[in-house]
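Scroll down for the structure; my scribbles are underneath it.
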Amino acid sequence: MKLSILGGGGFRTPHVYQALLRDRGAPRVEEVALHDIDETRLRTMVAILTELAEGRPDAPVIRPTLELETAVEGSDFVFAALRVGGLDGRCRDEHVALGHGVLGQETTGPGGLAYALRTVPVMTRAARTIKKLAPDAYVMNFTNPAGIITEAMQTVLGDRVLGICDTPSGLGRRVARLMRLDPARLRMDYVGLNHLGWLRGLLYDGRDVLPELLADDALLGELEEGRIFGADWIRTLGSIPNEYLYYYYFNRDAVHAIREAGATRGEQLRTSQTDFYRNASAHGPEGGLAGLWRSTVERRSASYMAEARSDGGSTTGAAVSGDEGYAGVALGVMAAISRDERQTMILNVRNNGTVQGLPDDCVVEVPTLVDASGVHPLTTDRPDLHQLGLMAQVKDVERHVIAAALDGSRQQAVAAFALHPLVDSVTVARSLADGYLGASQVQD
């Protein structure tokens, strides 16, 4: 099978390749096409992957290319992990928002909408290329904001596009370990949108163990979400929120902390990435790049979300890699589809009536059965009023921003910012739209 990775010069690529090296099933991926527009990044990643594959004659062949069409043509699966505008764009997104006193974050709030404005057109063009050159391929979207990008790509490719985020499944794994339960026997009752969801139940051999966790101060104190949100607030909700809901429930705290941090997350990553590629270019042919990559990833993960938390802590959501992270979820999807190894995982998929109260054609993040016939979201109980209300409001915002990105409408862009629950003024929304127009090319 052929796998193409769009954004192949990015930091996730070695995780994916390591998962492929560990895979012993059949059929398996034999060719990996790496596409990137940055030749230096691409060359560095090829060197890392070559080092990881050393001594493995069965390792998938690596084919780097600067041409999207060459990468995509004949692919069985496509991973999309682009950062349109690079980290300079992310830093700009953060500072425009923070300059107006609202959240500057790449997936949540106005910063995420700005990222979507310039990313949606690029990803829909990529979708059209995939439809032409690899019409039977399944697309696994990692590109943020994952829910918005997945929904936009589905307008071209339909249900063959699904979004992957490891945050919900990572929460389930951590809870299982904390409660000394076998993760394979645990079923999560989870509902939401990408980076906006709630764990409402944990079925272990058919018995819901979530109430036991919520009643135990010691266990909640060991759980990252317990430290982020506090046991009292989690008990008030009666569910465990996705860690990104910190930006909603503690918005003022988060904005204040980011403004006081001295450097935004984008600026931190830009510094570490610049250092990485500078150090990588100084390495000789003797190798060692894989070790440099690992140490850089560990440092990045150790500070995840730290800039937004008033307590100075960081979270573990993005730190998991290998078979337990994004790459593991993606490999599970590929195995389920290509080998009919049926699996249930939490994915971003078309709603199709799964979440009552939301449009059938919108993308939601819910438990999903994957098999050789595709992806099938599982029936779920209706969200409570708070959950449904927040999901509906944010989904409406997402649809406005997709329309703005595809149609070039400033009116739609203003509506997206103004209707977002983390923007408290139409005046601010207009200023945000004006501040982002240059990068997104949205016009009146």
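As shown in the structure tokens, the chain order sets the letters A, B, ...; within each chain, residues go from 1, and ligands are also counted from 1 in the order they appear.
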Could you find all residues in region 310-433 of chain A that DSSP calls strand (DSSP E or B) from the backbone, and write them as an mmCIF file with N, CA, C and O atoms, in the first residue's frame?
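Done, and the output landed in out.cif:
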```cif
data_model
loop_
_atom_site.group_PDB
_atom_site.id
_atom_site.type_symbol
_atom_site.label_atom_id
_atom_site.label_comp_id
_atom_site.auth_asym_id
_atom_site.auth_seq_id
_atom_site.Cartn_x
_atom_site.Cartn_y
_atom_site.Cartn_z
ATOM 1 N N GLN A 343 -12.300 -1.792 14.727
ATOM 2 C CA GLN A 343 -11.903 -1.077 15.931
ATOM 3 C C GLN A 343 -12.893 0.041 16.204
ATOM 4 O O GLN A 343 -13.504 0.593 15.277
ATOM 5 N N THR A 344 -13.027 0.380 17.477
ATOM 6 C CA THR A 344 -13.818 1.535 17.869
ATOM 7 C C THR A 344 -12.887 2.569 18.462
ATOM 8 O O THR A 344 -12.115 2.272 19.380
ATOM 9 N N MET A 345 -12.930 3.770 17.917
ATOM 10 C CA MET A 345 -12.073 4.856 18.396
ATOM 11 C C MET A 345 -12.827 6.170 18.256
ATOM 12 O O MET A 345 -13.832 6.252 17.548
ATOM 13 N N ILE A 346 -12.357 7.183 18.953
ATOM 14 C CA ILE A 346 -13.013 8.489 18.896
ATOM 15 C C ILE A 346 -12.394 9.282 17.752
ATOM 16 O O ILE A 346 -11.194 9.548 17.740
ATOM 17 N N LEU A 347 -13.240 9.641 16.783
ATOM 18 C CA LEU A 347 -12.785 10.306 15.574
ATOM 19 C C LEU A 347 -13.686 11.491 15.249
ATOM 20 O O LEU A 347 -14.808 11.601 15.750
ATOM 21 N N ASN A 348 -13.184 12.331 14.362
ATOM 22 C CA ASN A 348 -13.986 13.421 13.824
ATOM 23 C C ASN A 348 -14.605 12.957 12.519
ATOM 24 O O ASN A 348 -13.899 12.758 11.527
ATOM 25 N N VAL A 349 -15.923 12.767 12.544
ATOM 26 C CA VAL A 349 -16.637 12.176 11.408
ATOM 27 C C VAL A 349 -17.943 12.931 11.169
ATOM 28 O O VAL A 349 -18.407 13.699 12.017
ATOM 29 N N ARG A 350 -18.565 12.652 10.022
ATOM 30 C CA ARG A 350 -19.855 13.259 9.703
ATOM 31 C C ARG A 350 -20.904 12.786 10.706
ATOM 32 O O ARG A 350 -20.981 11.605 11.040
ATOM 33 N N VAL A 363 -19.390 17.886 11.150
ATOM 34 C CA VAL A 363 -18.413 16.967 11.728
ATOM 35 C C VAL A 363 -18.466 17.049 13.248
ATOM 36 O O VAL A 363 -18.430 18.136 13.834
ATOM 37 N N VAL A 364 -18.553 15.888 13.884
ATOM 38 C CA VAL A 364 -18.552 15.785 15.341
ATOM 39 C C VAL A 364 -17.436 14.833 15.769
ATOM 40 O O VAL A 364 -16.891 14.093 14.955
ATOM 41 N N GLU A 365 -17.102 14.866 17.040
ATOM 42 C CA GLU A 365 -16.056 13.990 17.585
ATOM 43 C C GLU A 365 -16.714 12.996 18.534
ATOM 44 O O GLU A 365 -17.094 13.347 19.656
ATOM 45 N N VAL A 366 -16.851 11.751 18.087
ATOM 46 C CA VAL A 366 -17.622 10.746 18.824
ATOM 47 C C VAL A 366 -16.992 9.365 18.634
ATOM 48 O O VAL A 366 -16.203 9.152 17.704
ATOM 49 N N PRO A 367 -17.325 8.401 19.492
ATOM 50 C CA PRO A 367 -16.883 7.019 19.274
ATOM 51 C C PRO A 367 -17.375 6.516 17.925
ATOM 52 O O PRO A 367 -18.547 6.691 17.566
ATOM 53 N N THR A 368 -16.474 5.879 17.197
ATOM 54 C CA THR A 368 -16.747 5.490 15.813
ATOM 55 C C THR A 368 -16.219 4.089 15.543
ATOM 56 O O THR A 368 -15.071 3.776 15.883
ATOM 57 N N LEU A 369 -17.047 3.260 14.947
ATOM 58 C CA LEU A 369 -16.615 1.936 14.511
ATOM 59 C C LEU A 369 -15.999 2.066 13.123
ATOM 60 O O LEU A 369 -16.577 2.677 12.223
ATOM 61 N N VAL A 370 -14.815 1.483 12.956
ATOM 62 C CA VAL A 370 -14.122 1.508 11.672
ATOM 63 C C VAL A 370 -13.895 0.073 11.218
ATOM 64 O O VAL A 370 -13.403 -0.759 11.983
ATOM 65 N N ASP A 371 -14.271 -0.208 9.975
ATOM 66 C CA ASP A 371 -14.038 -1.534 9.408
ATOM 67 C C ASP A 371 -13.791 -1.393 7.910
ATOM 68 O O ASP A 371 -13.620 -0.269 7.405
ATOM 69 N N GLY A 374 -15.717 1.220 5.962
ATOM 70 C CA GLY A 374 -15.575 2.633 6.252
ATOM 71 C C GLY A 374 -15.756 2.977 7.712
ATOM 72 O O GLY A 374 -15.473 2.171 8.606
ATOM 73 N N VAL A 375 -16.222 4.208 7.960
ATOM 74 C CA VAL A 375 -16.361 4.715 9.328
ATOM 75 C C VAL A 375 -17.839 4.860 9.665
ATOM 76 O O VAL A 375 -18.646 5.309 8.841
ATOM 77 N N HIS A 376 -18.198 4.467 10.896
ATOM 78 C CA HIS A 376 -19.601 4.429 11.299
ATOM 79 C C HIS A 376 -19.724 4.995 12.717
ATOM 80 O O HIS A 376 -19.446 4.290 13.701
ATOM 81 N N PRO A 377 -20.108 6.263 12.853
ATOM 82 C CA PRO A 377 -20.287 6.824 14.195
ATOM 83 C C PRO A 377 -21.354 6.062 14.964
ATOM 84 O O PRO A 377 -22.388 5.682 14.397
ATOM 85 N N SER A 409 -15.799 36.078 1.872
ATOM 86 C CA SER A 409 -16.764 37.029 2.417
ATOM 87 C C SER A 409 -16.299 37.603 3.746
ATOM 88 O O SER A 409 -16.152 36.874 4.732
#
```
Selection: 7 Å around region 223-236 of chain A, only C-alpha atoms, excl. self and same-chain fewer than 4 positions, as a VMD selection string: chain A and resid 214 219 240 243 246 315
Store the residues picked out above in a file with all heavy atoms, as a short mmCIF file (atom, residue, chain, number, x, y, z; two decimals), in the first residue's frame.
```cif
data_model
loop_
_atom_site.label_atom_id
_atom_site.label_comp_id
_atom_site.auth_asym_id
_atom_site.auth_seq_id
_atom_site.Cartn_x
_atom_site.Cartn_y
_atom_site.Cartn_z
N LEU A 214 -15.22 10.24 39.91
CA LEU A 214 -15.64 11.57 40.31
C LEU A 214 -15.79 11.70 41.82
O LEU A 214 -15.65 12.80 42.38
CB LEU A 214 -16.98 11.93 39.64
CG LEU A 214 -16.98 11.99 38.12
CD1 LEU A 214 -18.33 12.51 37.61
CD2 LEU A 214 -15.86 12.87 37.59
N LEU A 219 -7.99 10.21 43.47
CA LEU A 219 -7.84 9.86 42.06
C LEU A 219 -7.97 11.09 41.17
O LEU A 219 -7.18 11.27 40.23
CB LEU A 219 -8.89 8.82 41.66
CG LEU A 219 -8.67 7.38 42.14
CD1 LEU A 219 -9.81 6.48 41.70
CD2 LEU A 219 -7.34 6.83 41.61
N ILE A 240 -16.05 14.70 32.59
CA ILE A 240 -14.68 15.21 32.53
C ILE A 240 -14.50 15.96 31.21
O ILE A 240 -14.62 15.37 30.13
CB ILE A 240 -13.65 14.07 32.63
CG1 ILE A 240 -13.82 13.33 33.96
CG2 ILE A 240 -12.23 14.62 32.52
CD1 ILE A 240 -12.86 12.18 34.15
N GLU A 243 -9.43 18.81 27.76
CA GLU A 243 -8.55 19.81 28.35
C GLU A 243 -8.67 21.18 27.68
O GLU A 243 -8.44 22.21 28.32
CB GLU A 243 -7.10 19.33 28.29
CG GLU A 243 -6.55 19.14 26.89
CD GLU A 243 -5.24 18.36 26.88
OE1 GLU A 243 -4.83 17.90 27.95
OE2 GLU A 243 -4.67 18.21 25.79
N TYR A 246 -10.64 24.21 29.04
CA TYR A 246 -10.04 25.17 29.97
C TYR A 246 -10.15 26.58 29.41
O TYR A 246 -10.40 27.55 30.15
CB TYR A 246 -8.58 24.81 30.22
CG TYR A 246 -7.85 25.77 31.13
CD1 TYR A 246 -7.97 25.67 32.51
CD2 TYR A 246 -7.05 26.79 30.61
CE1 TYR A 246 -7.31 26.56 33.36
CE2 TYR A 246 -6.38 27.67 31.44
CZ TYR A 246 -6.52 27.56 32.82
OH TYR A 246 -5.86 28.43 33.64
N THR A 315 0.16 20.20 30.52
CA THR A 315 -0.69 19.03 30.43
C THR A 315 0.02 17.93 29.66
O THR A 315 1.05 18.15 29.04
CB THR A 315 -2.02 19.35 29.72
OG1 THR A 315 -1.76 19.51 28.33
CG2 THR A 315 -2.65 20.60 30.28
#
```
Quick one: residues within 10 Å of Leu269 (chain A), only C-alpha atoms, excluding same-chain residues fewer than 2 positions away - as a PyMOL selection string? chain A and resi 87+90-91+263-267+271-275+296+299-300
Deliver the residues from the most recent selection as a file, using N, CA and C atoms, as a PDB file, in the first residue's frame.
```
ATOM      1  N   LEU A  87       4.936  28.791  11.406  1.00  0.00           N
ATOM      2  CA  LEU A  87       4.854  29.305  12.778  1.00  0.00           C
ATOM      3  C   LEU A  87       4.820  30.829  12.819  1.00  0.00           C
ATOM      4  N   ARG A  90       1.217  31.450  12.815  1.00  0.00           N
ATOM      5  CA  ARG A  90       0.632  31.149  14.122  1.00  0.00           C
ATOM      6  C   ARG A  90       0.911  32.280  15.112  1.00  0.00           C
ATOM      7  N   CYS A  91       2.133  32.783  15.120  1.00  0.00           N
ATOM      8  CA  CYS A  91       2.470  33.868  16.046  1.00  0.00           C
ATOM      9  C   CYS A  91       1.627  35.108  15.760  1.00  0.00           C
ATOM     10  N   ALA A 263       6.124  34.958  26.230  1.00  0.00           N
ATOM     11  CA  ALA A 263       6.198  34.390  24.879  1.00  0.00           C
ATOM     12  C   ALA A 263       4.985  33.502  24.673  1.00  0.00           C
ATOM     13  N   THR A 264       4.366  33.618  23.520  1.00  0.00           N
ATOM     14  CA  THR A 264       3.233  32.753  23.218  1.00  0.00           C
ATOM     15  C   THR A 264       3.732  31.351  22.880  1.00  0.00           C
ATOM     16  N   ARG A 265       2.786  30.412  22.791  1.00  0.00           N
ATOM     17  CA  ARG A 265       3.168  29.043  22.420  1.00  0.00           C
ATOM     18  C   ARG A 265       3.805  29.014  21.030  1.00  0.00           C
ATOM     19  N   GLY A 266       3.254  29.778  20.108  1.00  0.00           N
ATOM     20  CA  GLY A 266       3.833  29.822  18.775  1.00  0.00           C
ATOM     21  C   GLY A 266       5.263  30.319  18.791  1.00  0.00           C
ATOM     22  N   GLU A 267       5.533  31.334  19.590  1.00  0.00           N
ATOM     23  CA  GLU A 267       6.898  31.862  19.680  1.00  0.00           C
ATOM     24  C   GLU A 267       7.839  30.845  20.306  1.00  0.00           C
ATOM     25  N   THR A 271      11.029  29.176  18.195  1.00  0.00           N
ATOM     26  CA  THR A 271      12.402  29.161  18.681  1.00  0.00           C
ATOM     27  C   THR A 271      12.977  27.752  18.674  1.00  0.00           C
ATOM     28  N   SER A 272      12.197  26.794  19.208  1.00  0.00           N
ATOM     29  CA  SER A 272      12.702  25.418  19.282  1.00  0.00           C
ATOM     30  C   SER A 272      12.862  24.820  17.891  1.00  0.00           C
ATOM     31  N   GLN A 273      11.942  25.152  16.968  1.00  0.00           N
ATOM     32  CA  GLN A 273      12.029  24.615  15.616  1.00  0.00           C
ATOM     33  C   GLN A 273      13.217  25.206  14.868  1.00  0.00           C
ATOM     34  N   THR A 274      13.435  26.510  15.039  1.00  0.00           N
ATOM     35  CA  THR A 274      14.592  27.149  14.406  1.00  0.00           C
ATOM     36  C   THR A 274      15.882  26.515  14.904  1.00  0.00           C
ATOM     37  N   ASP A 275      15.955  26.311  16.219  1.00  0.00           N
ATOM     38  CA  ASP A 275      17.146  25.675  16.800  1.00  0.00           C
ATOM     39  C   ASP A 275      17.320  24.265  16.258  1.00  0.00           C
ATOM     40  N   THR A 296      14.012  17.175  21.088  1.00  0.00           N
ATOM     41  CA  THR A 296      13.237  18.379  20.784  1.00  0.00           C
ATOM     42  C   THR A 296      11.758  18.148  21.052  1.00  0.00           C
ATOM     43  N   ARG A 299      11.007  18.158  24.810  1.00  0.00           N
ATOM     44  CA  ARG A 299      10.966  19.503  25.382  1.00  0.00           C
ATOM     45  C   ARG A 299       9.679  20.233  24.989  1.00  0.00           C
ATOM     46  N   ARG A 300       9.266  20.065  23.734  1.00  0.00           N
ATOM     47  CA  ARG A 300       8.017  20.689  23.297  1.00  0.00           C
ATOM     48  C   ARG A 300       6.833  20.158  24.101  1.00  0.00           C
TER      49      ARG A 300
END
```
CA of Leu292 (chain A) and CA of Asn279 (chain A) are how many Å apart? 8.3 Å
Counting only C-alpha atoms, which residues of region 384-407 of chain A fall within 9 Å of region 194-207 of chain A, and what is the closest atom pair for each with its distance in Å at one decimal, ordered by chain and rising number, as a tab-separated table?
```
residue	atom	partner	partner_atom	distance
A:Gln387	CA	A:Gly197	CA	7.9
A:Leu390	CA	A:Leu196	CA	8.6
A:Met391	CA	A:Leu196	CA	7.5
A:Val394	CA	A:Leu196	CA	8.9
```
Since we have the selection now, will you write its residues out, keeping C-alpha atoms, as an mmCIF file, in the first residue's frame?
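This went into part21.cif:
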```cif
data_model
loop_
_atom_site.group_PDB
_atom_site.id
_atom_site.type_symbol
_atom_site.label_atom_id
_atom_site.label_comp_id
_atom_site.auth_asym_id
_atom_site.auth_seq_id
_atom_site.Cartn_x
_atom_site.Cartn_y
_atom_site.Cartn_z
ATOM 1 C CA GLN A 387 -23.099 20.721 26.063
ATOM 2 C CA LEU A 390 -21.975 25.254 23.354
ATOM 3 C CA MET A 391 -21.512 22.715 20.573
ATOM 4 C CA VAL A 394 -19.300 26.783 18.033
#
```
Write out as an MDAnalysis selection string each polymer residue whose atoms come within 9 Å of Pro121 (chain A), counting only C-alpha atoms; drop sequence neighbours fewer than 5 positions from it. chainID A and resid 116 126 152 402 405:406
Given the choices A:Leu210, A:Leu186, A:Ile164, A:Met334, which gets closest to Asp23 (chain A) if the distance is worked out from only C-alpha atoms? A:Met334
Quick check, in Å to one decimal: how far apart do CA of Asp58 (chain A) and CA of Val161 (chain A) lie? 28.8 Å
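CA of Arg28 (chain A) to CA of Arg339 (chain A) spans 9.2 Å [interatomic distance, one decimal].
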If you run DSSP over the backbone, which residues in region 157-361 of chain A end up alpha helix (DSSP H)? Put them as a ChimeraX atom specification. /A:157,167-178,210-215,217-222,224-229,231-237,246-249,251-260,265-282,289-302,326-339
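Shortest atom-to-atom contact with Met45 (chain A) among A:His386, A:Arg12, A:Lys132, A:His420: A:Arg12, counting only C-alpha atoms.
Nearest to Thr143 (chain A) of all the residues A:Val96, A:Asp396, A:Val84, A:Ile130 is A:Val84, based on only C-alpha atoms.
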What lies within 10 Å of Phe79 (chain A) using only C-alpha atoms, ignoring chain neighbours under 2 positions off, as a ChimeraX atom specification? /A:3-8,13,16,34,77,81-82,138-143,161,163-164,327,330
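Here the question is which of A:Arg41, A:Arg83, A:Ala290, A:Pro383 gets nearest to Gln18 (chain A) using only C-alpha atoms, and that residue is A:Ala290.
Minimum atom-to-atom distances from A:Asp208, A:Asp189, A:Asp434, A:Glu341 to Leu378 (chain A) were compared using only C-alpha atoms, and the lowest value belongs to A:Asp189.
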Residues near Glu222 (chain A), cut-off 10 Å, only C-alpha atoms, skip fewer than 6 positions along chain, as number ranges by chain: A: 174-175, 178
